[in-house]
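As provided, data-v3.csv (CSV, N, CA and C atoms and all ligand atoms) reads as follows.
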chain,number,residue,atom,x,y,z
A,1,MET,N,0.8,-1.2,0.0
A,1,MET,CA,0.0,0.0,0.0
A,1,MET,C,0.9,1.2,0.0
A,2,MET,N,0.5,2.2,-0.8
A,2,MET,CA,1.3,3.4,-0.9
A,2,MET,C,1.0,4.4,0.3
A,3,ALA,N,2.1,5.1,0.7
A,3,ALA,CA,2.0,6.0,1.8
A,3,ALA,C,2.5,7.4,1.4
A,4,MET,N,2.1,8.4,2.1
A,4,MET,CA,2.6,9.8,1.8
A,4,MET,C,3.4,10.3,3.0
A,5,ALA,N,4.5,11.0,2.8
A,5,ALA,CA,5.2,11.6,3.9
A,5,ALA,C,5.5,13.1,3.4
A,6,LEU,N,5.4,14.0,4.4
A,6,LEU,CA,5.8,15.4,4.1
A,6,LEU,C,7.0,15.7,5.0
A,7,PHE,N,8.0,16.3,4.4
A,7,PHE,CA,9.2,16.7,5.2
A,7,PHE,C,9.4,18.2,5.0
A,8,SER,N,9.9,18.8,6.1
A,8,SER,CA,10.5,20.1,6.0
A,8,SER,C,11.9,20.0,5.6
A,9,VAL,N,12.4,20.8,4.6
A,9,VAL,CA,13.7,20.8,4.1
A,9,VAL,C,14.3,22.2,4.3
A,10,ILE,N,15.3,22.3,5.2
A,10,ILE,CA,15.8,23.6,5.5
A,10,ILE,C,17.2,23.8,4.8
A,11,GLY,N,17.3,25.0,4.1
A,11,GLY,CA,18.6,25.3,3.5
A,11,GLY,C,18.6,25.4,2.0
A,12,MET,N,17.5,25.0,1.4
A,12,MET,CA,17.4,25.1,-0.1
A,12,MET,C,17.2,26.6,-0.5
A,13,THR,N,18.1,27.0,-1.4
A,13,THR,CA,18.0,28.4,-1.8
A,13,THR,C,17.7,28.6,-3.3
A,14,CYS,N,17.7,27.6,-4.1
A,14,CYS,CA,17.4,27.7,-5.5
A,14,CYS,C,16.7,26.5,-6.1
A,15,ALA,N,16.3,26.6,-7.3
A,15,ALA,CA,15.6,25.5,-8.0
A,15,ALA,C,16.5,24.3,-8.1
A,16,ALA,N,17.8,24.5,-8.3
A,16,ALA,CA,18.7,23.4,-8.5
A,16,ALA,C,18.9,22.6,-7.2
A,17,CYS,N,18.8,23.3,-6.1
A,17,CYS,CA,18.8,22.6,-4.8
A,17,CYS,C,17.6,21.6,-4.7
A,18,ALA,N,16.4,22.1,-5.1
A,18,ALA,CA,15.2,21.3,-5.0
A,18,ALA,C,15.3,20.1,-6.0
A,19,SER,N,15.9,20.4,-7.1
A,19,SER,CA,16.1,19.3,-8.1
A,19,SER,C,17.0,18.2,-7.6
A,20,SER,N,18.1,18.6,-7.0
A,20,SER,CA,19.0,17.6,-6.5
A,20,SER,C,18.4,16.8,-5.4
A,21,VAL,N,17.6,17.4,-4.5
A,21,VAL,CA,16.9,16.6,-3.5
A,21,VAL,C,15.9,15.7,-4.1
A,22,GLU,N,15.1,16.2,-5.1
A,22,GLU,CA,14.1,15.3,-5.7
A,22,GLU,C,14.8,14.1,-6.4
A,23,LYS,N,15.9,14.4,-7.1
A,23,LYS,CA,16.5,13.2,-7.8
A,23,LYS,C,17.1,12.2,-6.8
A,24,ALA,N,17.6,12.7,-5.7
A,24,ALA,CA,18.2,11.8,-4.7
A,24,ALA,C,17.1,10.9,-4.1
A,25,ILE,N,16.0,11.5,-3.8
A,25,ILE,CA,14.8,10.7,-3.3
A,25,ILE,C,14.4,9.7,-4.3
A,26,LYS,N,14.3,10.1,-5.5
A,26,LYS,CA,13.7,9.2,-6.6
A,26,LYS,C,14.7,8.0,-6.9
A,27,ARG,N,16.0,8.2,-6.5
A,27,ARG,CA,16.9,7.1,-6.7
A,27,ARG,C,16.7,6.0,-5.7
A,28,LEU,N,16.0,6.2,-4.6
A,28,LEU,CA,15.8,5.2,-3.6
A,28,LEU,C,14.8,4.2,-4.1
A,29,PRO,N,14.9,2.9,-3.6
A,29,PRO,CA,13.9,2.0,-3.9
A,29,PRO,C,12.5,2.3,-3.3
A,30,GLY,N,11.5,1.9,-3.9
A,30,GLY,CA,10.1,2.1,-3.2
A,30,GLY,C,9.6,3.5,-3.3
A,31,ILE,N,10.1,4.3,-4.2
A,31,ILE,CA,9.6,5.7,-4.3
A,31,ILE,C,8.6,5.7,-5.5
A,32,HIS,N,7.4,6.2,-5.3
A,32,HIS,CA,6.5,6.3,-6.4
A,32,HIS,C,6.6,7.7,-7.0
A,33,ASP,N,6.8,8.7,-6.2
A,33,ASP,CA,6.9,10.1,-6.7
A,33,ASP,C,7.5,11.0,-5.6
A,34,ALA,N,8.2,12.0,-6.0
A,34,ALA,CA,8.7,13.0,-5.0
A,34,ALA,C,8.5,14.4,-5.6
A,35,ALA,N,8.1,15.4,-4.8
A,35,ALA,CA,7.9,16.7,-5.3
A,35,ALA,C,8.5,17.6,-4.2
A,36,VAL,N,9.5,18.4,-4.6
A,36,VAL,CA,10.2,19.3,-3.7
A,36,VAL,C,9.8,20.8,-4.0
A,37,ASP,N,9.4,21.5,-3.0
A,37,ASP,CA,8.9,22.9,-3.1
A,37,ASP,C,9.9,23.8,-2.4
A,38,VAL,N,10.8,24.4,-3.2
A,38,VAL,CA,11.8,25.2,-2.6
A,38,VAL,C,11.3,26.5,-1.9
A,39,LEU,N,10.2,27.0,-2.4
A,39,LEU,CA,9.6,28.2,-1.8
A,39,LEU,C,9.0,28.0,-0.4
A,40,ASN,N,8.4,26.8,-0.2
A,40,ASN,CA,7.8,26.4,1.0
A,40,ASN,C,8.7,25.5,1.9
A,41,ASN,N,9.9,25.2,1.4
A,41,ASN,CA,10.8,24.3,2.2
A,41,ASN,C,10.1,23.0,2.5
A,42,ARG,N,9.5,22.4,1.5
A,42,ARG,CA,8.8,21.1,1.8
A,42,ARG,C,9.2,20.1,0.7
A,43,ALA,N,9.1,18.8,1.1
A,43,ALA,CA,9.2,17.7,0.2
A,43,ALA,C,8.1,16.7,0.4
A,44,GLN,N,7.3,16.5,-0.6
A,44,GLN,CA,6.2,15.5,-0.4
A,44,GLN,C,6.6,14.3,-1.2
A,45,VAL,N,6.5,13.1,-0.5
A,45,VAL,CA,6.9,11.9,-1.1
A,45,VAL,C,5.8,10.8,-1.0
A,46,LEU,N,5.6,10.2,-2.2
A,46,LEU,CA,4.7,9.0,-2.2
A,46,LEU,C,5.6,7.8,-2.3
A,47,PHE,N,5.4,6.8,-1.4
A,47,PHE,CA,6.3,5.7,-1.3
A,47,PHE,C,5.7,4.5,-0.8
A,48,TYR,N,6.4,3.3,-0.9
A,48,TYR,CA,5.9,2.0,-0.5
A,48,TYR,C,6.7,1.6,0.8
A,49,PRO,N,6.1,1.7,1.9
A,49,PRO,CA,6.8,1.4,3.2
A,49,PRO,C,7.4,0.0,3.3
A,50,ALA,N,7.0,-0.9,2.4
A,50,ALA,CA,7.6,-2.2,2.5
A,50,ALA,C,9.0,-2.2,1.9
A,51,PHE,N,9.3,-1.1,1.2
A,51,PHE,CA,10.6,-1.0,0.5
A,51,PHE,C,11.5,0.1,1.0
A,52,VAL,N,10.9,1.1,1.6
A,52,VAL,CA,11.7,2.3,2.1
A,52,VAL,C,11.0,2.9,3.2
A,53,SER,N,11.8,3.4,4.2
A,53,SER,CA,11.2,4.0,5.4
A,53,SER,C,11.3,5.6,5.3
A,54,GLU,N,10.4,6.2,6.1
A,54,GLU,CA,10.5,7.6,6.2
A,54,GLU,C,11.9,8.1,6.7
A,55,GLU,N,12.5,7.3,7.6
A,55,GLU,CA,13.8,7.7,8.1
A,55,GLU,C,14.8,7.6,7.0
A,56,GLN,N,14.8,6.6,6.2
A,56,GLN,CA,15.7,6.5,5.1
A,56,GLN,C,15.6,7.7,4.1
A,57,ILE,N,14.3,8.1,3.9
A,57,ILE,CA,14.1,9.2,3.0
A,57,ILE,C,14.7,10.5,3.6
A,58,ARG,N,14.4,10.6,4.9
A,58,ARG,CA,14.9,11.8,5.7
A,58,ARG,C,16.4,11.9,5.6
A,59,GLU,N,17.1,10.7,5.8
A,59,GLU,CA,18.6,10.7,5.8
A,59,GLU,C,19.1,11.0,4.4
A,60,THR,N,18.4,10.5,3.4
A,60,THR,CA,18.8,10.8,2.0
A,60,THR,C,18.8,12.3,1.7
A,61,ILE,N,17.8,13.0,2.2
A,61,ILE,CA,17.7,14.5,2.1
A,61,ILE,C,18.9,15.1,2.8
A,62,GLU,N,19.2,14.6,4.0
A,62,GLU,CA,20.3,15.2,4.8
A,62,GLU,C,21.6,14.9,4.1
A,63,ASP,N,21.8,13.7,3.4
A,63,ASP,CA,23.0,13.4,2.7
A,63,ASP,C,23.2,14.4,1.5
A,64,VAL,N,22.2,14.9,1.0
A,64,VAL,CA,22.3,15.9,-0.1
A,64,VAL,C,22.9,17.3,0.5
A,65,GLY,N,22.6,17.4,1.8
A,65,GLY,CA,23.2,18.6,2.5
A,65,GLY,C,22.2,19.5,3.1
A,66,PHE,N,20.9,19.1,3.3
A,66,PHE,CA,19.9,19.9,3.9
A,66,PHE,C,19.3,19.3,5.1
A,67,GLU,N,18.9,20.1,6.0
A,67,GLU,CA,18.3,19.6,7.3
A,67,GLU,C,16.9,19.2,7.0
A,68,ALA,N,16.5,18.0,7.3
A,68,ALA,CA,15.2,17.5,7.0
A,68,ALA,C,14.5,17.0,8.3
A,69,ALA,N,13.2,17.2,8.4
A,69,ALA,CA,12.4,16.7,9.5
A,69,ALA,C,11.1,16.2,8.9
A,70,LEU,N,10.6,15.1,9.5
A,70,LEU,CA,9.2,14.6,9.1
A,70,LEU,C,8.2,15.5,9.7
A,71,VAL,N,7.3,16.1,8.8
A,71,VAL,CA,6.2,16.9,9.3
A,71,VAL,C,5.0,16.1,9.5
A,72,LYS,N,4.7,15.2,8.6
A,72,LYS,CA,3.5,14.3,8.8
A,72,LYS,C,3.6,13.1,7.7
B,101,LIG,MO1,23.1,26.6,-6.4
B,101,LIG,MO2,21.0,25.8,-4.8
B,101,LIG,O1,24.8,26.3,-5.7
B,101,LIG,O2,22.1,25.4,-3.4
B,101,LIG,S1,22.2,24.5,-6.2
B,101,LIG,S2,22.0,27.7,-4.6
Could you show the structure in this file as structure tokens?
Ligand code: 9UX
Amino acid sequence: MMAMALFSVIGMTCAACASSVEKAIKRLPGIHDAAVDVLNNRAQVLFYPAFVSEEQIRETIEDVGFEAALVK
């Protein structure tokens, strides 16, 4: 079953930042879609919890270089 997670992403200052975060998330297994909004500092992810966890997604955002927290 698909799930949705919303993360706050702190530190993105341009569209390329958002693009790199989005690409990194989409490289993970079990991702259906990811949309990163640089203006609102948010990343919305549709994913399959059997294959990837919210924490793995959060850590992937941090690996790109931004502070990430699960909002809901
Ligand atoms: Mo350009 Mo966004 O260096 O960090 S990708 S500002």
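Residues lying within 10 Å of (8.1, -3.1, 1.6). Counted over only C-alpha atoms, they are A:Met1, A:Met2, A:Pro29, A:Gly30, A:Phe47, A:Tyr48, A:Pro49, A:Ala50, A:Phe51, A:Val52, A:Ser53.
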Those selected residues, please, written with N, CA and C atoms and delivered as a CSV table (one decimal), keeping the file's coordinate frame.
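Saved file selection_34.csv follows:
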chain,number,residue,atom,x,y,z
A,1,MET,N,0.8,-1.2,0.0
A,1,MET,CA,0.0,0.0,0.0
A,1,MET,C,0.9,1.2,0.0
A,2,MET,N,0.5,2.2,-0.8
A,2,MET,CA,1.3,3.4,-0.9
A,2,MET,C,1.0,4.4,0.3
A,29,PRO,N,14.9,2.9,-3.6
A,29,PRO,CA,13.9,2.0,-3.9
A,29,PRO,C,12.5,2.3,-3.3
A,30,GLY,N,11.5,1.9,-3.9
A,30,GLY,CA,10.1,2.1,-3.2
A,30,GLY,C,9.6,3.5,-3.3
A,47,PHE,N,5.4,6.8,-1.4
A,47,PHE,CA,6.3,5.7,-1.3
A,47,PHE,C,5.7,4.5,-0.8
A,48,TYR,N,6.4,3.3,-0.9
A,48,TYR,CA,5.9,2.0,-0.5
A,48,TYR,C,6.7,1.6,0.8
A,49,PRO,N,6.1,1.7,1.9
A,49,PRO,CA,6.8,1.4,3.2
A,49,PRO,C,7.4,0.0,3.3
A,50,ALA,N,7.0,-0.9,2.4
A,50,ALA,CA,7.6,-2.2,2.5
A,50,ALA,C,9.0,-2.2,1.9
A,51,PHE,N,9.3,-1.1,1.2
A,51,PHE,CA,10.6,-1.0,0.5
A,51,PHE,C,11.5,0.1,1.0
A,52,VAL,N,10.9,1.1,1.6
A,52,VAL,CA,11.7,2.3,2.1
A,52,VAL,C,11.0,2.9,3.2
A,53,SER,N,11.8,3.4,4.2
A,53,SER,CA,11.2,4.0,5.4
A,53,SER,C,11.3,5.6,5.3
Margin query: Can you tell me, as a PyMOL selection string, which residues in chain A count as strand (DSSP E) by DSSP?
Written below: chain A and resi 3-10+31-37+42-47+67-70
Checklist line | Within 9 Å of ligand LIG 101 (chain B) (only C-alpha atoms and all ligand atoms), residues as a ChimeraX atom specification | finding: /A:11-20
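Closest approach to Leu6 of chain A among A:Val71, A:Ile61, A:Gln56, A:Asn40 is made by A:Val71 (distances from all atoms listed in the file).
Counting from atom CA of Asp33 of chain A, the distance to atom C of Val45 of chain A is 5.8 Å.
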Item checked: DSSP helix (DSSP H, G or I) selection over segment 1-67 of chain A, as a list in words -> Ala15, Ala16, Cys17, Ala18, Ser19, Ser20, Val21, Glu22, Lys23, Ala24, Ile25, Lys26, Arg27, Glu54, Glu55, Gln56, Ile57, Arg58, Glu59, Thr60, Ile61, Glu62, Asp63 and Val64 of chain A
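Note that the spacing between atom C of Leu70 of chain A and atom CA of Glu54 of chain A amounts to 8.9 Å.
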Item checked: Distance in Å - atom C of Ile10 of chain A versus atom N of Leu28 of chain A -> 20.0 Å
Checklist line | Given only C-alpha atoms as the counted atoms, nearest of A:Ile31, A:Val64, A:Glu59, A:Asn41 to Val9 of chain A | finding: A:Asn41
Check: If we count only C-alpha atoms, what is near Ala43 of chain A at a cut-off of 9 Å, once residues fewer than 6 positions away on the same chain are taken out, given as a list in words?
Finding: Ala5, Leu6, Phe7, Ser8, Val9, Ala18, Val21, Glu22, Ala34, Ala35, Val36 and Asp37 of chain A
